[in-house]
file query-v3.txt (compact mmCIF, C-alpha atoms and all ligand atoms)
# COMPACT_ATOMS: atom_id res chain seq x y z
CA MET V 81 109.48 76.77 90.41
CA ALA V 82 108.40 78.81 87.40
CA ASP V 83 108.08 82.56 87.85
CA LYS V 84 104.69 83.95 88.76
CA PHE V 85 104.19 87.68 88.36
CA LEU V 86 101.69 89.87 90.15
CA LEU V 87 100.89 93.00 88.13
CA THR V 88 99.00 95.95 89.65
CA GLY V 89 97.56 98.67 87.44
CA SER V 90 96.92 96.15 84.62
CA MET V 91 94.28 98.33 82.99
CA GLY V 92 96.68 101.27 82.63
CA CYS V 93 98.86 102.08 79.65
CA ILE V 94 102.12 100.64 80.94
CA GLY V 95 100.21 97.72 82.52
CA ALA V 96 98.72 96.81 79.14
CA TRP V 97 102.21 96.72 77.60
CA VAL V 98 103.50 94.62 80.51
CA LEU V 99 100.72 92.12 79.73
CA ARG V 100 101.66 92.18 76.03
CA ASN V 101 105.27 91.30 76.93
CA LEU V 102 104.50 88.71 79.63
CA THR V 103 102.14 86.99 77.17
CA ASP V 104 104.86 87.01 74.48
CA GLN V 105 107.34 85.54 76.96
CA GLY V 106 104.85 82.88 78.20
CA ILE V 107 105.13 84.06 81.82
CA ASP V 108 102.30 83.39 84.28
CA VAL V 109 100.72 86.56 85.59
CA VAL V 110 97.94 87.52 87.97
CA ALA V 111 96.69 90.71 86.33
CA THR V 112 95.03 93.02 88.84
CA ASP V 113 93.40 96.42 88.89
CA VAL V 114 90.60 98.19 90.73
CA GLN V 115 88.85 98.46 87.35
CA SER V 116 87.64 95.41 85.48
CA ASP V 117 87.15 96.54 81.87
CA PRO V 118 90.34 95.78 79.88
CA VAL V 119 90.00 98.77 77.52
CA ARG V 120 93.75 99.40 77.13
CA PRO V 121 94.90 95.74 77.17
CA SER V 122 92.40 95.05 74.39
CA LEU V 123 94.29 97.53 72.18
CA LEU V 124 97.35 95.25 72.37
CA LEU V 125 96.09 91.69 72.92
CA ASN V 126 93.56 89.67 70.94
CA GLU V 127 90.50 88.01 72.49
CA GLN V 128 92.20 84.65 72.90
CA GLU V 129 95.18 86.24 74.63
CA LEU V 130 92.90 88.29 76.91
CA ALA V 131 90.90 85.17 77.82
CA ALA V 132 94.09 83.30 78.78
CA ILE V 133 95.02 85.89 81.44
CA ASP V 134 94.16 85.39 85.13
CA TRP V 135 92.32 88.65 85.87
CA GLN V 136 91.61 89.50 89.50
CA THR V 137 90.09 92.68 90.90
CA LEU V 138 92.35 94.24 93.51
CA ASP V 139 92.24 97.56 95.30
CA VAL V 140 95.81 98.14 96.51
CA THR V 141 94.55 100.22 99.45
CA ASP V 142 93.05 97.01 100.92
CA VAL V 143 95.97 95.54 102.92
CA LYS V 144 94.25 92.18 103.56
CA ALA V 145 93.32 91.71 99.91
CA VAL V 146 96.87 92.52 98.76
CA ASP V 147 98.33 90.06 101.29
CA LYS V 148 95.86 87.32 100.27
CA ILE V 149 96.45 87.64 96.54
CA VAL V 150 100.24 87.36 96.97
CA ALA V 151 99.93 84.43 99.41
CA ASP V 152 97.29 82.49 97.46
CA ASN V 153 99.05 82.73 94.09
CA GLY V 154 102.64 81.86 95.02
CA VAL V 155 103.84 85.16 93.58
CA SER V 156 107.60 85.29 92.83
CA HIS V 157 107.82 88.81 91.32
CA ILE V 158 105.71 91.97 91.52
CA VAL V 159 105.41 94.77 88.99
CA HIS V 160 103.58 97.51 90.87
CA LEU V 161 102.08 100.18 88.63
CA ALA V 162 98.73 101.01 90.29
CA GLY V 163 98.64 104.69 91.02
CA LEU V 164 96.81 107.96 90.59
CA GLN V 165 98.46 110.58 88.38
CA ILE V 166 99.09 114.30 89.11
CA PRO V 167 95.59 115.70 88.37
CA PHE V 168 93.84 112.97 90.38
CA CYS V 169 96.14 113.45 93.41
CA ARG V 170 95.54 117.20 93.20
CA ALA V 171 91.75 116.75 93.00
CA ASN V 172 91.63 114.25 95.88
CA PRO V 173 94.82 114.32 97.97
CA SER V 174 93.62 111.81 100.57
CA LEU V 175 92.68 109.23 97.94
CA GLY V 176 95.98 109.96 96.15
CA ALA V 177 97.90 109.23 99.36
CA ALA V 178 95.83 106.11 100.04
CA VAL V 179 96.52 104.64 96.60
CA ASN V 180 100.06 105.88 95.96
CA VAL V 181 101.53 105.73 99.48
CA THR V 182 99.47 103.20 101.48
CA GLY V 183 98.92 101.03 98.40
CA THR V 184 102.66 100.81 97.77
CA THR V 185 103.34 100.06 101.44
CA ASN V 186 100.77 97.24 101.24
CA ILE V 187 102.63 95.77 98.26
CA PHE V 188 105.93 95.83 100.16
CA GLU V 189 104.28 94.26 103.23
CA ALA V 190 102.97 91.37 101.15
CA ALA V 191 106.36 90.96 99.44
CA ARG V 192 108.03 90.87 102.84
CA HIS V 193 105.71 88.26 104.34
CA HIS V 194 105.50 85.90 101.36
CA GLY V 195 109.07 85.62 100.12
CA VAL V 196 108.66 87.58 96.88
CA LYS V 197 112.02 87.60 95.09
CA GLY V 198 111.85 90.98 93.39
CA VAL V 199 109.60 94.04 93.18
CA SER V 200 109.71 96.75 90.56
CA TYR V 201 107.50 99.75 91.20
CA ALA V 202 106.65 103.02 89.47
CA SER V 203 108.17 106.14 90.91
CA SER V 204 108.26 109.13 88.56
CA ILE V 205 110.30 112.07 87.29
CA GLY V 206 107.78 113.98 89.45
CA VAL V 207 110.05 113.35 92.47
CA MET V 208 112.34 116.03 90.99
CA GLY V 209 111.73 119.76 90.93
CA PRO V 210 112.22 122.32 88.13
CA PRO V 211 115.31 121.83 85.92
CA GLU V 212 117.22 124.90 87.18
CA ASN V 213 117.78 122.97 90.43
CA TYR V 214 119.93 120.41 88.63
CA PRO V 215 122.94 122.17 87.04
CA ASN V 216 125.00 118.96 86.67
CA LYS V 217 124.02 117.09 83.52
CA PRO V 218 123.07 114.40 82.82
CA VAL V 219 121.02 114.42 86.03
CA ALA V 220 121.98 111.52 88.30
CA ASP V 221 119.68 109.19 90.25
CA ASP V 222 120.77 110.48 93.64
CA VAL V 223 120.02 114.22 93.28
CA PRO V 224 117.94 115.95 95.98
CA LEU V 225 114.23 115.23 95.61
CA ILE V 226 112.33 118.50 95.68
CA ALA V 227 108.91 117.52 94.38
CA THR V 228 106.48 120.37 93.88
CA THR V 229 103.29 118.30 93.57
CA LEU V 230 101.53 115.96 95.99
CA TYR V 231 101.98 113.21 93.38
CA GLY V 232 105.76 113.77 93.42
CA VAL V 233 105.84 113.82 97.23
CA TYR V 234 103.91 110.53 97.35
CA LYS V 235 106.29 108.92 94.83
CA ALA V 236 109.30 110.18 96.85
CA ALA V 237 107.73 108.47 99.90
CA ASN V 238 107.56 105.23 97.84
CA GLU V 239 111.28 105.45 97.12
CA LYS V 240 112.15 105.94 100.81
CA THR V 241 109.72 103.18 101.79
CA ALA V 242 111.44 100.75 99.43
CA GLY V 243 114.81 101.67 100.97
CA VAL V 244 113.58 100.87 104.49
CA TYR V 245 112.03 97.56 103.36
CA TRP V 246 115.46 96.52 102.08
CA GLN V 247 117.29 97.83 105.16
CA ASP V 248 114.95 96.21 107.72
CA TRP V 249 113.56 93.14 105.93
CA GLN V 250 115.71 92.58 102.80
CA VAL V 251 112.85 93.06 100.33
CA ALA V 252 114.72 93.56 97.05
CA SER V 253 113.28 96.17 94.70
CA VAL V 254 113.99 98.52 91.82
CA GLY V 255 112.15 101.84 91.63
CA LEU V 256 111.77 103.37 88.17
CA ARG V 257 111.20 107.00 87.23
CA PRO V 258 109.44 107.30 83.86
CA TYR V 259 109.07 110.81 82.36
CA VAL V 260 106.97 111.20 79.16
CA VAL V 261 105.71 107.73 78.28
CA TYR V 262 104.21 107.54 74.78
CA GLY V 263 102.63 104.77 72.75
CA THR V 264 99.33 103.06 72.12
CA GLY V 265 97.15 103.20 75.24
CA ARG V 266 98.62 106.42 76.64
CA ASP V 267 95.50 108.54 76.82
CA GLN V 268 95.34 110.54 80.07
CA GLY V 269 97.36 113.24 81.82
CA MET V 270 99.13 116.17 80.18
CA SER V 271 102.22 114.14 79.31
CA ALA V 272 100.04 111.86 77.17
CA ASP V 273 100.06 114.60 74.48
CA PRO V 274 102.92 113.16 72.34
CA ALA V 275 101.09 109.80 72.24
CA LYS V 276 97.86 111.58 71.34
CA ALA V 277 99.66 113.53 68.60
CA VAL V 278 100.63 110.22 66.96
CA LEU V 279 97.01 109.02 67.23
CA ALA V 280 95.79 112.32 65.73
CA ALA V 281 98.27 111.95 62.85
CA ALA V 282 96.97 108.43 62.18
CA ALA V 283 93.36 109.67 62.30
CA GLY V 284 93.95 112.77 60.14
CA LYS V 285 92.88 115.07 63.01
CA PRO V 286 94.58 118.26 64.24
CA PHE V 287 96.15 118.17 67.69
CA HIS V 288 97.83 120.72 69.98
CA ILE V 289 100.54 119.54 72.43
CA ARG V 290 100.20 121.63 75.58
CA PHE V 291 103.94 122.10 76.24
CA ASP V 292 107.29 122.62 74.55
CA GLY V 293 110.95 122.41 75.51
CA PRO V 294 113.10 119.35 76.16
CA ILE V 295 111.52 116.07 77.30
CA ALA V 296 112.70 112.49 77.80
CA LEU V 297 110.40 110.37 75.63
CA GLN V 298 110.08 106.70 76.53
CA HIS V 299 107.99 104.21 74.58
CA ALA V 300 105.51 102.24 76.72
CA ASN V 301 106.73 98.94 75.24
CA ASP V 302 110.32 99.68 76.30
CA VAL V 303 109.13 100.91 79.71
CA ALA V 304 107.09 97.71 80.22
CA GLN V 305 110.14 95.57 79.44
CA ILE V 306 112.21 97.67 81.83
CA PHE V 307 109.66 96.99 84.62
CA ILE V 308 109.64 93.23 83.94
CA ASN V 309 113.42 92.95 83.66
CA SER V 310 113.89 95.08 86.80
CA ALA V 311 111.59 92.87 88.91
CA ARG V 312 113.73 89.93 87.81
CA ALA V 313 117.03 91.76 88.33
CA ALA V 314 116.14 92.94 91.85
CA ASP V 315 118.34 90.86 94.09
CA GLY V 316 119.93 93.21 96.54
CA GLY V 317 119.16 96.72 97.77
CA ALA V 318 116.51 99.13 96.63
CA PRO V 319 118.01 101.21 93.82
CA VAL V 320 115.88 103.89 92.21
CA CYS V 321 116.66 104.59 88.57
CA ASN V 322 116.03 107.36 86.08
CA LEU V 323 114.79 106.39 82.63
CA ARG V 324 116.21 108.26 79.66
CA GLY V 325 114.98 107.15 76.25
CA ASP V 326 115.04 109.95 73.66
CA VAL V 327 115.92 113.36 75.06
CA ILE V 328 114.37 115.68 72.48
CA GLU V 329 112.72 119.09 72.07
CA VAL V 330 108.98 118.96 71.46
CA ASP V 331 109.40 120.86 68.18
CA ALA V 332 111.89 118.22 66.95
CA PHE V 333 109.38 115.50 67.86
CA VAL V 334 106.66 117.31 65.90
CA THR V 335 109.03 117.80 62.93
CA LEU V 336 109.83 114.07 62.90
CA LEU V 337 106.15 113.11 63.11
CA GLN V 338 105.37 115.45 60.20
CA GLU V 339 108.24 113.97 58.19
CA ILE V 340 106.65 110.54 58.63
CA VAL V 341 103.08 111.81 58.10
CA PRO V 342 103.38 114.98 55.96
CA ALA V 343 99.65 115.73 56.28
CA ALA V 344 99.73 115.71 60.09
CA LYS V 345 98.44 118.94 61.65
CA ILE V 346 100.27 119.00 64.98
CA THR V 347 101.03 122.21 66.89
CA PHE V 348 102.49 122.87 70.32
CA GLU V 349 102.29 125.49 73.05
CA LYS V 350 105.26 127.87 72.99
CA ASN V 351 107.23 128.84 76.12
CA ALA V 352 105.48 126.25 78.25
CA PRO V 353 108.13 123.70 79.25
CA LEU V 354 107.35 120.88 81.67
CA PRO V 355 108.86 121.59 85.13
CA TYR V 356 111.37 118.71 85.22
CA PRO V 357 114.90 118.08 83.97
CA ALA V 358 115.04 116.07 80.72
CA ASP V 359 118.74 115.26 80.36
CA LEU V 360 118.64 112.25 82.67
CA ASP V 361 121.48 109.87 83.44
CA ASP V 362 120.34 106.25 83.19
CA ALA V 363 123.72 104.76 84.20
CA GLY V 364 122.06 103.35 87.34
CA LEU V 365 119.48 101.48 85.27
CA ARG V 366 122.18 100.17 82.93
CA GLY V 367 124.03 98.96 86.02
CA VAL V 368 120.93 97.04 87.16
CA LEU V 369 119.86 95.64 83.78
CA GLY V 370 122.97 95.58 81.65
CA GLU V 371 121.11 96.40 78.45
CA VAL V 372 118.17 98.82 78.64
CA PRO V 373 115.31 98.03 76.21
CA TYR V 374 115.08 100.87 73.67
CA THR V 375 113.21 101.33 70.40
CA PRO V 376 114.46 104.18 68.17
CA LEU V 377 111.92 106.99 68.06
CA ARG V 378 111.14 106.81 64.34
CA ASP V 379 110.59 103.01 64.51
CA ALA V 380 108.36 103.36 67.57
CA ILE V 381 106.26 106.13 65.96
CA GLU V 382 105.87 104.12 62.75
CA ALA V 383 104.77 101.04 64.72
CA ASP V 384 102.24 103.10 66.70
CA LEU V 385 100.89 104.70 63.50
CA ALA V 386 100.35 101.25 61.98
CA ARG V 387 98.70 99.96 65.18
CA PHE V 388 96.46 103.06 65.45
CA SER V 389 95.40 102.70 61.80
CA ASP V 390 94.30 99.10 62.46
CA LEU V 391 92.55 100.03 65.71
CA LEU V 392 90.76 102.97 64.05
CA ALA V 393 89.63 100.72 61.19
CA SER V 394 88.14 98.27 63.70
CA GLY V 395 86.54 101.08 65.76
CA LYS V 396 88.57 100.28 68.89
CA VAL V 397 89.97 103.74 69.65
CA ASP V 398 87.87 106.54 71.09
CA LEU V 399 88.96 109.80 69.44
CA ALA V 400 87.21 111.78 72.20
CA GLN V 401 90.54 111.49 74.07
CA LEU V 402 91.97 114.06 71.62
CA ASP V 403 89.66 116.70 73.11
CA ALA V 404 90.28 115.82 76.77
N1 LIG V 501 102.66 107.28 81.95
C1 LIG V 501 103.65 108.07 82.34
O1 LIG V 501 104.14 108.93 81.58
C2 LIG V 501 104.22 107.92 83.73
C3 LIG V 501 105.27 108.75 84.12
C4 LIG V 501 105.79 108.61 85.39
C5 LIG V 501 105.27 107.67 86.27
N2 LIG V 501 104.22 106.88 85.88
C6 LIG V 501 103.67 105.93 86.85
O2 LIG V 501 103.62 104.63 86.26
C7 LIG V 501 102.47 103.93 86.73
C8 LIG V 501 101.68 103.41 85.55
O3 LIG V 501 101.42 104.50 84.66
P1 LIG V 501 100.27 104.44 83.56
O4 LIG V 501 100.53 105.51 82.58
O5 LIG V 501 100.09 103.04 83.13
O6 LIG V 501 99.04 104.89 84.47
P2 LIG V 501 97.47 104.77 84.20
O7 LIG V 501 96.85 105.94 84.89
O8 LIG V 501 97.19 104.52 82.76
O9 LIG V 501 97.11 103.42 85.02
C9 LIG V 501 97.08 103.34 86.41
C10 LIG V 501 96.18 102.17 86.78
O10 LIG V 501 96.11 102.11 88.22
C11 LIG V 501 94.79 101.70 88.54
N3 LIG V 501 94.43 102.04 89.90
C12 LIG V 501 94.07 103.25 90.37
N4 LIG V 501 93.74 103.15 91.67
C13 LIG V 501 93.90 101.85 92.03
C14 LIG V 501 93.70 101.11 93.23
N5 LIG V 501 93.26 101.71 94.35
N6 LIG V 501 93.99 99.79 93.25
C15 LIG V 501 94.40 99.16 92.10
N7 LIG V 501 94.57 99.80 90.93
C16 LIG V 501 94.34 101.14 90.89
C17 LIG V 501 93.91 102.42 87.52
O11 LIG V 501 92.64 101.79 87.43
C18 LIG V 501 94.74 102.32 86.27
O12 LIG V 501 94.38 101.20 85.49
C19 LIG V 501 101.70 104.89 87.62
O13 LIG V 501 102.02 104.62 88.98
C20 LIG V 501 102.23 106.25 87.22
O14 LIG V 501 102.18 107.18 88.27
C21 LIG V 501 103.68 106.99 84.63

call {"tool": "encode", "arguments": {"input": "query-v3.txt", "output": "structure tokens", "more": "lines below"}}
Ligand SMILES: NC(=O)c1ccc[n+]([C@@H]2O[C@H](COP(=O)([O-])OP(=O)(O)OC[C@H]3O[C@@H](n4cnc5c(N)ncnc54)[C@H](O)[C@@H]3O)[C@@H](O)[C@H]2O)c1
result
Amino acid sequence: MADKFLLTGSMGCIGAWVLRNLTDQGIDVVATDVQSDPVRPSLLLNEQELAAIDWQTLDVTDVKAVDKIVADNGVSHIVHLAGLQIPFCRANPSLGAAVNVTGTTNIFEAARHHGVKGVSYASSIGVMGPPENYPNKPVADDVPLIATTLYGVYKAANEKTAGVYWQDWQVASVGLRPYVVYGTGRDQGMSADPAKAVLAAAAGKPFHIRFDGPIALQHANDVAQIFINSARAADGGAPVCNLRGDVIEVDAFVTLLQEIVPAAKITFEKNAPLPYPADLDDAGLRGVLGEVPYTPLRDAIEADLARFSDLLASGKVDLAQLDA
């Protein structure tokens, strides 16, 4: 039988890029989210492509609804992205736990009961603590998890949950730990600032990135392909993998952006590094996938600049996000 993907978090940034790639590959997908307005997917897919997608509203906290959607659609693979980010978990910890912890458990329950072949799900670099705790570089997948935010604690619970679903019921999965995802559609959370800087450069607006120091930058298109390929590659165990991408200082990123767009007015906060290690070892991911999708930084920025210019010309991007 042909593959049938279930995607959660379809209206998010990475979800939109997963839809772009599944559409390109001609793979059937049930695209779900608690929201129903495809604002981000419409940045990447045209009206015909959007109309061809099977959209279904799904709240991942609803265990019966998650079970039904997997059963009714003959789902073979799940890419699970639905989640609330750091500020939302901090503002409403109970809702954060319901979505990020219970929601993920519901996905694994449905996978277990309906013979899903492979699950990939979003963990996060947030499962790690500040960089000084990780003297051995590059930082391996199996270092101690010492999350300092509720979001990170919830994602660490997801990783352990996946491990038990393999141990007890042989649900095969791959957990992925993105760090700073950039690209068209990345518009919320502090780590969206590099993506917003590229948008600002395309729009001729000034922008201030709220951090400096080393980061691991990963383009949303590459990350989406990693999620799709990982769901397919999951066939034994429940590995959890770091993503690497470009490990770069924020000032070097800004310098490169200004080389490409000399008029860009991008600044960054000094002495305000993000509290995670950046020099990440992605050997585990290479072991799972063989080749890890990767677009060189300059190429990815140039493609985003071109896409943003088109979207700005057609009035599809809200520049209010630069002030948020
Ligand atoms: N973007 C990053 O830099 C980054 C880094 C590390 C981890 N992640 C993780 O990757 C995943 C996707 O990231 P993103 O940037 O696309 O996030 P996003 O915030 O853009 O999208 C998340 C989506 O989840 C949906 N959602 C929220 N509650 C839901 C519910 N109860 N049921 C169903 N859907 C619900 C939202 O409507 C939204 O469309 C998230 O789990 C996130 O924590 C992202």

call {"tool": "residues_near_ligand", "arguments": {"input": "query-v3.txt", "ligand": "ligand LIG 501 (chain V)", "cutoff": "8 Å", "atoms": "all atoms listed in the file", "output": "JSON, numbers by chain"}}
result
{"V": [88, 89, 90, 91, 92, 93, 94, 95, 96, 112, 113, 114, 115, 137, 138, 139, 140, 141, 160, 161, 162, 163, 164, 165, 166, 178, 179, 180, 183, 201, 202, 203, 204, 205, 206, 231, 235, 257, 258, 259, 260, 261, 262, 265, 266, 267, 268, 269, 271, 272, 300]}

call {"tool": "axis_aligned_box", "arguments": {"input": "query-v3.txt", "around": "region 333-347 of chain V", "padding_each_side": "4 Å", "output": "AutoDock Vina command-line options"}}
result
--center_x 104.1 --center_y 116.4 --center_z 61.9 --size_x 19.4 --size_y 19.7 --size_z 19.9

call {"tool": "atom_distance", "arguments": {"input": "query-v3.txt", "atom1": "CA of Val223 (chain V)", "atom2": "CA of Ala358 (chain V)"}}
result
13.6 Å

call {"tool": "closest_residue", "arguments": {"input": "query-v3.txt", "among": "V:Ser389, V:Thr228, V:Thr103, V:Ser200", "to": "Val251 (chain V)", "atoms": "all atoms listed in the file"}}
result
V:Ser200

call {"tool": "residues_around", "arguments": {"input": "query-v3.txt", "residues": "Glu239 (chain V)", "least_positions_apart": "5", "cutoff": "9 Å", "atoms": "all atoms listed in the file", "output": "PDB file with C-alpha atoms, in the frame of the given file"}}
result
ATOM      1  CA  SER V 203     108.170 106.140  90.910  1.00  0.00           C
ATOM      2  CA  TYR V 234     103.910 110.530  97.350  1.00  0.00           C
ATOM      3  CA  VAL V 244     113.580 100.870 104.490  1.00  0.00           C
ATOM      4  CA  GLY V 255     112.150 101.840  91.630  1.00  0.00           C
ATOM      5  CA  ALA V 318     116.510  99.130  96.630  1.00  0.00           C
ATOM      6  CA  PRO V 319     118.010 101.210  93.820  1.00  0.00           C
ATOM      7  CA  VAL V 320     115.880 103.890  92.210  1.00  0.00           C
TER       8      VAL V 320
END

call {"tool": "residues_around", "arguments": {"input": "query-v3.txt", "residues": "Val372 (chain V)", "least_positions_apart": "2", "cutoff": "9 Å", "atoms": "all atoms listed in the file", "output": "list in words"}}
result
Asp302, Gln305, Ile306, Asp362, Leu365, Arg366, Leu369, Gly370 and Tyr374 of chain V

call {"tool": "closest_residue", "arguments": {"input": "query-v3.txt", "among": "V:Phe348, V:Lys276, V:Trp246, V:Asn301", "to": "Leu399 (chain V)", "atoms": "all atoms listed in the file"}}
result
V:Lys276

call {"tool": "atom_distance", "arguments": {"input": "query-v3.txt", "atom1": "CA of Ile149 (chain V)", "atom2": "CA of Asp117 (chain V)"}}
result
19.5 Å
